[in-house]
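What follows is the content of query_13.tsv (TSV, C-alpha atoms and all ligand atoms).
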```
chain	number	residue	atom	x	y	z
A	18	MET	CA	0.00	0.00	0.00
A	19	VAL	CA	1.11	3.53	-0.69
A	20	LYS	CA	2.45	5.36	2.38
A	21	PRO	CA	-0.17	7.88	3.57
A	22	PHE	CA	0.85	11.43	2.74
A	23	ILE	CA	2.19	13.43	5.68
A	24	PRO	CA	2.58	17.11	4.82
A	25	ASP	CA	5.76	18.95	5.77
A	26	ARG	CA	3.82	22.02	6.84
A	27	VAL	CA	0.19	23.02	7.25
A	28	TYR	CA	-1.49	26.41	7.03
A	29	PHE	CA	-4.95	27.25	8.29
A	30	GLU	CA	-6.88	30.04	6.62
A	31	PRO	CA	-9.31	32.29	8.54
A	32	GLY	CA	-12.54	30.59	9.58
A	33	ALA	CA	-11.26	27.05	8.99
A	34	LEU	CA	-11.34	26.18	12.69
A	35	GLU	CA	-14.95	27.26	12.98
A	36	TYR	CA	-15.95	24.07	11.16
A	37	GLU	CA	-15.92	20.61	12.66
A	38	VAL	CA	-13.95	19.24	9.70
A	39	GLY	CA	-11.30	21.96	10.22
A	40	ARG	CA	-10.98	21.11	13.91
A	41	GLU	CA	-10.69	17.40	13.13
A	42	ILE	CA	-7.90	18.05	10.64
A	43	TYR	CA	-6.20	20.31	13.17
A	44	SER	CA	-6.20	17.54	15.83
A	45	LYS	CA	-4.76	15.00	13.37
A	46	ILE	CA	-2.01	17.36	12.25
A	47	GLN	CA	-1.16	18.28	15.82
A	48	ALA	CA	-0.95	14.59	16.80
A	49	MET	CA	1.50	14.06	13.92
A	50	GLY	CA	3.73	16.78	15.34
A	51	ILE	CA	3.65	18.85	12.13
A	52	ASP	CA	4.20	22.61	12.24
A	53	ILE	CA	0.95	24.54	11.99
A	54	ALA	CA	0.84	28.15	10.81
A	55	TYR	CA	-1.91	30.60	10.00
A	56	THR	CA	-2.30	32.63	6.86
A	57	THR	CA	-4.85	35.15	5.70
A	58	SER	CA	-4.84	33.50	2.27
A	59	HIS	CA	-2.93	30.82	0.40
A	60	ASN	CA	-1.84	33.56	-2.01
A	61	ARG	CA	0.15	35.10	0.81
A	62	ILE	CA	2.29	32.11	1.70
A	63	MET	CA	5.75	33.47	0.93
A	64	ASP	CA	8.14	31.50	3.04
A	65	LEU	CA	8.26	28.12	1.33
A	66	PRO	CA	11.73	26.64	1.53
A	67	GLY	CA	13.69	26.33	-1.70
A	68	ASP	CA	16.41	28.22	-3.56
A	69	ASN	CA	14.71	28.13	-6.92
A	70	GLU	CA	11.32	27.78	-8.54
A	71	LEU	CA	11.64	24.03	-8.92
A	72	GLN	CA	12.35	23.43	-5.24
A	73	LYS	CA	9.53	25.74	-4.24
A	74	TYR	CA	7.24	23.85	-6.59
A	75	ARG	CA	8.15	20.54	-4.98
A	76	ASN	CA	7.72	21.97	-1.49
A	77	ALA	CA	4.33	23.45	-2.39
A	78	LYS	CA	3.16	19.92	-3.19
A	79	ARG	CA	4.13	18.93	0.35
A	80	THR	CA	2.22	21.85	1.88
A	81	LEU	CA	-1.35	21.50	3.05
A	82	VAL	CA	-3.63	24.55	3.19
A	83	VAL	CA	-6.87	24.14	5.10
A	84	GLY	CA	-9.50	26.68	4.14
A	85	VAL	CA	-13.11	27.62	3.59
A	86	ARG	CA	-14.44	27.37	0.04
A	87	LYS	CA	-15.88	30.78	-0.70
A	88	THR	CA	-17.26	30.29	-4.20
A	89	LEU	CA	-20.18	27.96	-3.92
A	90	LYS	CA	-21.06	28.10	-7.58
A	91	PHE	CA	-19.95	24.74	-8.94
A	92	ASP	CA	-18.20	24.46	-12.31
A	93	THR	CA	-19.70	22.19	-14.91
A	94	SER	CA	-17.91	18.91	-15.53
A	95	LYS	CA	-18.99	17.51	-18.88
A	96	PRO	CA	-19.17	14.85	-20.21
A	97	SER	CA	-18.95	12.52	-17.22
A	98	ALA	CA	-20.88	14.63	-14.68
A	99	GLU	CA	-23.07	17.71	-14.49
A	100	TYR	CA	-21.04	19.50	-11.82
A	101	ALA	CA	-17.60	19.53	-10.21
A	102	ILE	CA	-18.03	19.40	-6.44
A	103	PRO	CA	-15.18	21.34	-4.82
A	104	ILE	CA	-13.58	19.61	-1.82
A	105	SER	CA	-9.88	20.01	-2.64
A	106	THR	CA	-7.44	21.37	-5.19
A	107	GLY	CA	-3.86	20.36	-5.91
A	108	CYS	CA	-2.28	16.95	-5.60
A	109	ILE	CA	0.64	15.24	-3.91
A	110	GLY	CA	1.48	13.25	-7.05
A	111	HIS	CA	4.16	14.09	-9.60
A	112	CYS	CA	2.67	12.79	-12.83
A	113	HIS	CA	4.69	14.45	-15.56
A	114	TYR	CA	1.72	15.04	-17.83
A	115	CYS	CA	-0.74	16.20	-15.15
A	116	TYR	CA	-3.10	18.94	-16.36
A	117	LEU	CA	-2.87	20.64	-12.96
A	118	GLN	CA	0.63	21.77	-13.92
A	119	THR	CA	-0.76	24.39	-16.20
A	120	THR	CA	-3.88	25.21	-14.21
A	121	LEU	CA	-2.46	25.62	-10.70
A	122	GLY	CA	0.53	27.84	-11.38
A	123	ALA	CA	3.91	27.90	-9.66
A	124	LYS	CA	2.80	26.99	-6.14
A	125	PRO	CA	0.38	24.11	-6.33
A	126	TYR	CA	-0.42	23.70	-2.62
A	127	VAL	CA	-2.72	20.92	-1.64
A	128	ARG	CA	-5.80	22.84	-0.50
A	129	VAL	CA	-8.69	21.22	1.30
A	130	TYR	CA	-12.02	22.77	2.17
A	131	VAL	CA	-13.77	22.36	5.48
A	132	ASN	CA	-17.20	23.96	4.95
A	133	ILE	CA	-18.56	20.65	3.73
A	134	PRO	CA	-22.10	21.25	5.14
A	135	GLU	CA	-22.42	24.36	2.93
A	136	ILE	CA	-20.94	22.58	-0.08
A	137	LEU	CA	-23.41	19.71	0.34
A	138	GLU	CA	-26.29	22.14	0.80
A	139	GLN	CA	-25.34	23.69	-2.52
A	140	ALA	CA	-25.18	20.25	-4.13
A	141	ASP	CA	-28.70	19.56	-2.89
A	142	LYS	CA	-29.91	22.78	-4.54
A	143	TYR	CA	-28.47	21.64	-7.87
A	144	ILE	CA	-30.14	18.25	-7.44
A	145	ASP	CA	-33.47	19.97	-6.76
A	146	GLU	CA	-33.16	22.18	-9.82
A	147	ARG	CA	-32.70	19.19	-12.12
A	148	LYS	CA	-35.47	16.99	-10.72
A	149	PRO	CA	-36.57	14.45	-11.94
A	150	GLU	CA	-33.24	14.01	-13.73
A	151	ILE	CA	-30.29	12.51	-11.88
A	152	THR	CA	-27.46	14.93	-11.09
A	153	ARG	CA	-23.87	13.67	-11.07
A	154	PHE	CA	-21.05	15.36	-9.19
A	155	GLU	CA	-17.37	14.83	-9.97
A	156	ALA	CA	-15.11	15.20	-6.91
A	157	ALA	CA	-11.73	14.82	-8.63
A	158	CYS	CA	-11.68	17.64	-11.19
A	159	THR	CA	-8.87	19.58	-9.53
A	160	SER	CA	-7.23	17.03	-7.24
A	161	ASP	CA	-6.96	13.38	-6.29
A	162	PRO	CA	-9.12	13.45	-3.16
A	163	LEU	CA	-8.37	9.85	-2.12
A	164	SER	CA	-4.70	10.75	-1.59
A	165	ILE	CA	-5.69	13.05	1.30
A	166	GLU	CA	-8.77	11.23	2.59
A	167	HIS	CA	-6.88	10.01	5.68
A	168	LEU	CA	-6.45	13.67	6.66
A	169	THR	CA	-9.88	15.05	5.70
A	170	GLY	CA	-12.50	12.27	5.68
A	171	ASN	CA	-14.34	14.39	3.10
A	172	LEU	CA	-14.95	11.71	0.48
A	173	ARG	CA	-16.71	9.58	3.06
A	174	ARG	CA	-18.94	12.54	3.96
A	175	LEU	CA	-19.84	13.06	0.30
A	176	ILE	CA	-20.38	9.35	-0.37
A	177	GLU	CA	-22.77	8.98	2.55
A	178	HIS	CA	-24.61	12.18	1.69
A	179	MET	CA	-25.19	11.07	-1.91
A	180	GLY	CA	-26.14	7.61	-0.65
A	181	LYS	CA	-29.20	9.27	0.90
A	182	ARG	CA	-30.11	11.32	-2.18
A	183	GLU	CA	-32.37	9.51	-4.60
A	184	LEU	CA	-31.31	11.73	-7.50
A	185	GLY	CA	-27.71	12.51	-6.49
A	186	ARG	CA	-24.65	10.63	-7.71
A	187	LEU	CA	-20.98	11.03	-6.91
A	188	ARG	CA	-17.95	10.02	-8.92
A	189	PHE	CA	-14.24	10.51	-8.55
A	190	VAL	CA	-11.03	9.07	-9.88
A	191	THR	CA	-7.79	8.17	-8.17
A	192	LYS	CA	-4.26	6.90	-8.69
A	193	TYR	CA	-4.01	5.89	-5.03
A	194	ASP	CA	-5.06	2.85	-3.04
A	195	LEU	CA	-5.97	3.92	0.51
A	196	VAL	CA	-9.55	2.75	0.19
A	197	ASP	CA	-10.06	0.93	3.49
A	198	SER	CA	-11.74	3.84	5.29
A	199	LEU	CA	-14.41	3.98	2.56
A	200	LEU	CA	-15.30	0.31	2.25
A	201	ASP	CA	-18.05	0.38	4.87
A	202	ALA	CA	-19.43	3.81	3.88
A	203	LYS	CA	-23.18	3.75	3.17
A	204	HIS	CA	-22.88	4.46	-0.55
A	205	ASN	CA	-26.15	2.86	-1.63
A	206	GLY	CA	-24.64	2.32	-5.08
A	207	HIS	CA	-24.66	6.08	-5.72
A	208	THR	CA	-20.90	6.57	-5.95
A	209	ARG	CA	-18.84	5.41	-8.88
A	210	PHE	CA	-15.31	4.76	-7.67
A	211	ARG	CA	-12.90	5.06	-10.61
A	212	PHE	CA	-9.25	4.11	-10.81
A	213	SER	CA	-6.87	5.66	-13.26
A	214	VAL	CA	-4.72	2.80	-14.54
A	215	ASN	CA	-2.08	2.47	-17.19
A	216	ALA	CA	0.59	0.29	-18.70
A	217	ASP	CA	3.44	-0.51	-16.31
A	218	TYR	CA	5.86	1.52	-18.45
A	219	VAL	CA	3.75	4.67	-18.13
A	220	ILE	CA	3.24	4.33	-14.37
A	221	LYS	CA	6.92	3.64	-13.72
A	222	ASN	CA	8.24	6.46	-15.89
A	223	PHE	CA	5.67	9.20	-15.59
A	224	GLU	CA	3.67	8.81	-12.38
A	225	PRO	CA	6.04	9.24	-9.41
A	226	SER	CA	4.50	9.45	-5.93
A	227	THR	CA	1.37	7.51	-6.83
A	228	ALA	CA	0.33	3.90	-6.09
A	229	LYS	CA	1.81	1.09	-8.20
A	230	LEU	CA	-0.43	-0.65	-10.72
A	231	GLU	CA	-0.79	-3.78	-8.55
A	232	GLU	CA	-1.76	-1.62	-5.57
A	233	ARG	CA	-4.44	0.20	-7.56
A	234	ILE	CA	-5.82	-3.07	-8.88
A	235	ALA	CA	-5.92	-4.61	-5.39
A	236	ALA	CA	-7.78	-1.50	-4.19
A	237	ALA	CA	-10.24	-1.74	-7.10
A	238	ARG	CA	-11.00	-5.33	-6.14
A	239	LYS	CA	-11.78	-4.28	-2.56
A	240	VAL	CA	-14.02	-1.49	-3.82
A	241	ALA	CA	-15.89	-3.88	-6.15
A	242	LEU	CA	-16.40	-6.33	-3.28
A	243	ALA	CA	-17.77	-3.46	-1.19
A	244	GLY	CA	-20.50	-3.10	-3.81
A	245	TYR	CA	-19.49	0.21	-5.37
A	246	PRO	CA	-20.05	0.73	-9.09
A	247	LEU	CA	-16.54	0.77	-10.53
A	248	GLY	CA	-14.76	2.53	-13.35
A	249	PHE	CA	-11.35	2.48	-15.00
A	250	ILE	CA	-9.93	5.47	-16.74
A	251	ILE	CA	-7.07	4.45	-18.98
A	252	ALA	CA	-5.29	7.73	-19.45
A	253	PRO	CA	-3.15	8.87	-20.96
A	254	ILE	CA	-2.94	6.03	-23.49
A	255	TYR	CA	0.63	6.43	-24.62
A	256	ILE	CA	2.51	4.83	-27.50
A	257	PHE	CA	5.90	3.33	-26.63
A	258	ASP	CA	7.84	0.23	-27.68
A	259	GLY	CA	5.63	-2.71	-26.78
A	260	TRP	CA	2.57	-0.60	-25.90
A	261	GLN	CA	0.06	-3.04	-27.40
A	262	THR	CA	1.36	-5.97	-25.36
A	263	GLN	CA	1.45	-3.97	-22.15
A	264	TYR	CA	-2.05	-2.54	-22.55
A	265	ARG	CA	-3.40	-6.02	-23.27
A	266	GLU	CA	-1.64	-7.28	-20.16
A	267	LEU	CA	-3.18	-4.44	-18.21
A	268	LEU	CA	-6.70	-5.43	-19.27
A	269	GLU	CA	-6.00	-9.05	-18.44
A	270	LYS	CA	-4.76	-8.12	-14.98
A	271	LEU	CA	-7.92	-6.11	-14.39
A	272	SER	CA	-10.15	-8.93	-15.55
A	273	THR	CA	-8.53	-11.56	-13.34
A	274	SER	CA	-8.64	-9.33	-10.25
A	275	ILE	CA	-12.23	-8.16	-10.49
A	276	PRO	CA	-14.86	-10.81	-9.76
A	277	LYS	CA	-16.75	-11.71	-12.94
A	278	ASP	CA	-20.17	-10.80	-11.61
A	279	HIS	CA	-18.94	-7.18	-11.24
A	280	TYR	CA	-18.00	-6.73	-14.91
A	281	LYS	CA	-21.44	-5.35	-15.74
A	282	ASP	CA	-20.95	-2.53	-13.17
A	283	ILE	CA	-17.72	-1.37	-14.79
A	284	GLU	CA	-17.29	1.63	-17.05
A	285	PHE	CA	-14.16	2.37	-19.07
A	286	GLU	CA	-13.04	5.82	-20.15
A	287	LEU	CA	-10.21	5.90	-22.70
A	288	ILE	CA	-8.14	9.02	-23.25
A	289	GLN	CA	-5.15	9.21	-25.59
A	290	HIS	CA	-2.10	11.23	-24.61
A	291	ARG	CA	-2.21	14.84	-25.72
A	292	PHE	CA	-0.39	18.02	-24.83
A	293	THR	CA	-0.51	21.72	-25.54
A	294	LYS	CA	2.46	24.00	-26.20
A	295	PRO	CA	2.12	25.78	-22.80
A	296	ALA	CA	1.94	22.38	-21.05
A	297	LYS	CA	5.06	21.19	-22.86
A	298	ARG	CA	7.00	24.24	-21.64
A	299	VAL	CA	5.93	23.64	-18.04
A	300	ILE	CA	6.66	19.90	-18.14
A	301	GLU	CA	10.16	20.47	-19.53
A	302	LYS	CA	10.88	22.94	-16.75
A	303	ARG	CA	9.47	20.88	-13.88
A	304	TYR	CA	10.59	17.42	-15.02
A	305	PRO	CA	13.63	18.21	-17.19
A	306	LYS	CA	14.70	14.56	-17.44
A	307	THR	CA	11.31	13.24	-18.49
A	308	LYS	CA	11.19	10.59	-21.20
A	309	LEU	CA	7.73	11.79	-22.21
A	310	ASP	CA	7.68	12.22	-25.97
A	311	LEU	CA	6.46	15.75	-26.65
A	312	ASP	CA	7.60	16.06	-30.25
A	313	GLU	CA	4.94	18.07	-32.08
A	314	SER	CA	6.13	16.88	-35.48
A	315	LYS	CA	4.98	13.34	-34.73
A	316	ARG	CA	1.49	14.43	-33.75
A	317	LYS	CA	-1.68	15.79	-35.25
A	318	TYR	CA	-2.74	19.29	-34.28
A	319	LYS	CA	-6.28	19.66	-33.07
A	320	TRP	CA	-7.74	23.14	-32.77
A	321	GLY	CA	-9.02	23.94	-29.33
A	322	ARG	CA	-11.01	26.55	-27.51
A	323	TYR	CA	-9.37	29.90	-26.69
A	324	GLY	CA	-6.90	29.34	-29.51
A	325	ILE	CA	-4.90	26.74	-27.58
A	326	GLY	CA	-4.82	23.63	-29.68
A	327	LYS	CA	-3.54	20.28	-28.59
A	328	TYR	CA	-1.28	17.68	-30.11
A	329	VAL	CA	-2.91	14.27	-30.32
A	330	TYR	CA	-1.81	11.09	-32.09
A	331	GLN	CA	-2.02	10.81	-35.88
A	332	ASP	CA	-5.29	9.33	-37.19
A	333	ILE	CA	-3.73	5.98	-37.97
A	334	GLN	CA	-2.35	5.65	-34.43
A	335	GLN	CA	-5.66	6.74	-32.93
A	336	GLN	CA	-7.34	4.01	-34.91
A	337	GLN	CA	-4.82	1.43	-33.66
A	338	ILE	CA	-5.48	2.46	-30.07
A	339	LYS	CA	-9.22	2.35	-30.58
A	340	ASN	CA	-9.08	-1.08	-32.25
A	341	LEU	CA	-7.00	-2.54	-29.46
A	342	PHE	CA	-9.32	-1.47	-26.65
A	343	MET	CA	-12.62	-1.96	-28.49
A	344	GLU	CA	-11.60	-5.53	-29.27
A	345	ALA	CA	-9.87	-6.46	-26.03
A	346	ILE	CA	-12.27	-5.02	-23.43
A	347	PRO	CA	-15.34	-7.04	-24.52
A	348	GLN	CA	-13.10	-10.12	-24.77
A	349	VAL	CA	-11.62	-9.93	-21.28
A	350	MET	CA	-14.51	-8.23	-19.45
A	351	PRO	CA	-17.77	-9.03	-21.19
A	352	GLY	CA	-20.55	-6.73	-20.03
A	353	ALA	CA	-18.28	-3.80	-19.11
A	354	GLU	CA	-19.22	-0.54	-20.82
A	355	ILE	CA	-16.83	1.58	-22.86
A	356	GLN	CA	-18.02	5.12	-22.35
A	357	TYR	CA	-15.80	6.99	-24.75
A	358	PHE	CA	-12.44	7.21	-26.45
A	359	THR	CA	-11.04	10.66	-26.95
B	401	LIG	FE1	-2.24	14.96	-11.39
B	401	LIG	FE2	-3.74	12.81	-10.83
B	401	LIG	FE3	-1.08	12.60	-10.92
B	401	LIG	FE4	-2.25	13.95	-8.95
B	401	LIG	S1	-2.43	11.73	-9.33
B	401	LIG	S2	-0.44	14.59	-10.09
B	401	LIG	S3	-4.01	14.88	-10.01
B	401	LIG	S4	-2.44	13.11	-12.64
```

Using the file provided, produce a representation of the structure as structure tokens.
Ligand code: SF4
Amino acid sequence: MVKPFIPDRVYFEPGALEYEVGREIYSKIQAMGIDIAYTTSHNRIMDLPGDNELQKYRNAKRTLVVGVRKTLKFDTSKPSAEYAIPISTGCIGHCHYCYLQTTLGAKPYVRVYVNIPEILEQADKYIDERKPEITRFEAACTSDPLSIEHLTGNLRRLIEHMGKRELGRLRFVTKYDLVDSLLDAKHNGHTRFRFSVNADYVIKNFEPSTAKLEERIAAARKVALAGYPLGFIIAPIYIFDGWQTQYRELLEKLSTSIPKDHYKDIEFELIQHRFTKPAKRVIEKRYPKTKLDLDESKRKYKWGRYGIGKYVYQDIQQQQIKNLFMEAIPQVMPGAEIQYFT
């Protein structure tokens, strides 16, 4: 199992200790003997150790900021959910291709929110507005909330809340395996627990500080046995020497670990590797030794919104990827649903 994350330093923002969740986090942090400081805002944290931007970046990822979520207007989260439910931002992982690199700036603290009652109240309003349709909330749009669940307990709160809502559903995705505290949560089948999995080569080379493939698969098995609907996001699907063999092996490993009668509750989401020019610049600065192939000349350019296009695989390679998964998934996991390939 992955070692639970212990931050190097923790900041509390104003009002955080007025909430029960904030006080609980405070007690845990105090018991761990970690330095606690106060800040008026995460934007004002100046004194992170480090002689250069890279060191400060790495230290920011080991810094926890506990705060109150002020904006209670949820972002949309198409296509897999109607709304993003905000419980945390930032992540302890160091995946070279992570999209948070470009969205969170130079100091990507791990921020957690403690006003969960207000956040859930807002979620209930959205559910009411969409009646009689079901409303789905994605909890992992800007972080990997399972990686900090041992400190916050927030996923469990959300899972149990949605378990009681006839028309509310929760979903999140993780690259971690600390699932034990959620196995007996009263989910009522309303939470889809998704694991981001990949070929061994990709995990070993590009996903430092996350759980190993075997650990994620063992966690997925536990989650399936606990009756949760399950999902696998295979992303980014990346072409390297031997990729077809390794992705087939991945699917076989999944199929032998998950009990057969759970296949029908499984959804797959398939996302090919892509990058933008700004992301490439950031990745090369933060992970200068990365083996990630970011050569634009080998890719196809796809126009995007706001004028920032992305580089995806050439059509012929996209077709090869699609063929592999569309053939292999029904073979090894009959009944599982492939939601999309993009
Ligand atoms: Fe980003 Fe997910 Fe990796 Fe965290 S685990 S760094 S959110 S890709």

- request: List all protein, DNA and RNA residues that have an atom no more than 9 Å from any atom of ligand LIG 401 (chain B), counting all atoms listed in the file, and report them as a count of residues only.
  value: 31

- prompt: Quick one: residues within 12 Å of Tyr264 of chain A, only C-alpha atoms counted, chain neighbours fewer than 5 positions away excluded, as a list in words?
  reply: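 Everything that qualifies: Val214, Asn215, Ala216, Asp217, Tyr218, Val219, Ile220, Ile251, Ala252, Pro253, Ile254, Tyr255, Ile256, Phe257, Asp258, Gly259, Glu269, Lys270, Leu271, Leu287, Ile338, Lys339, Leu341, Phe342, Ala345 and Ile346 of chain A.
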
query: With only C-alpha atoms as the basis for distance, which of A:Phe292, A:Thr208, A:Leu187, A:Leu137 is at the shortest distance from Lys319 of chain A?
result: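 Ranking A:Phe292, A:Thr208, A:Leu187, A:Leu137 by distance to Lys319 of chain A, first place goes to A:Phe292.
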
query: How many Å lie between atom CA of Lys87 of chain A and atom CA of Val131 of chain A, rounded to one decimal?
result: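 Going from atom CA of Lys87 of chain A over to atom CA of Val131 of chain A covers 10.7 Å.
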
Selection near Pro21 of chain A, 10 Å with all atoms listed in the file, sequence-local residues under 4 positions removed, as a PyMOL selection string: chain A and resi 164-168+193-195

task: Would you list the contacts of Ile275 of chain A as a count of residues only, taking every protein, DNA or RNA residue within 12 Å and counting only C-alpha atoms, but skipping same-chain residues closer than 4 positions in sequence?
output: 28

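Checking A:Tyr130, A:Tyr318, A:Phe212, A:Tyr100 one by one against Arg147 of chain A, counting only C-alpha atoms, you find the shortest gap at A:Tyr100.
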
- prompt: Can you tell me, as number ranges by chain, what residues are no more than 12 Å from Ile176 of chain A when counting all atoms listed in the file, ignoring any on the same chain fewer than 6 positions away?
  reply: A: 102, 137, 154-156, 170, 182, 185-189, 198-210, 245

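Among the candidates A:Thr56, A:Glu37, A:Gly84, A:Ala48, the one nearest to Pro134 of chain A when counting all atoms listed in the file is A:Glu37.
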
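Taking atom CA of Arg79 of chain A and atom CA of Val27 of chain A as endpoints, the distance between them is 8.9 Å.
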
task: Skip Ile325 of chain A itself and residues of its chain fewer than 2 positions away, then list as a ChimeraX atom specification all residues within 9 Å of it, counting all atoms listed in the file.
output: /A:293-295,320-323,327

- request: Figure out the distance between atom CA of Asn76 of chain A and atom CA of Arg303 of chain A, please, to one decimal in Å.
  value: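 If I compute the distance from atom CA of Arg303 of chain A to atom CA of Asn76 of chain A, I get 12.6 Å.
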
statement: Of A:Thr307, A:His178, A:Tyr330, A:Lys315, the one nearest to Arg291 of chain A when counting all atoms listed in the file is A:Tyr330

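Of the listed residues (A:Met343, A:Leu121, A:Ile133, A:Leu172), A:Leu121 comes nearest to Lys78 of chain A; the distances count all atoms listed in the file.
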
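With all atoms listed in the file as the atoms that count, the minimum distance from Asp332 of chain A to the choices A:Tyr357, A:Arg298, A:Glu344, A:Lys317 is reached by A:Lys317.
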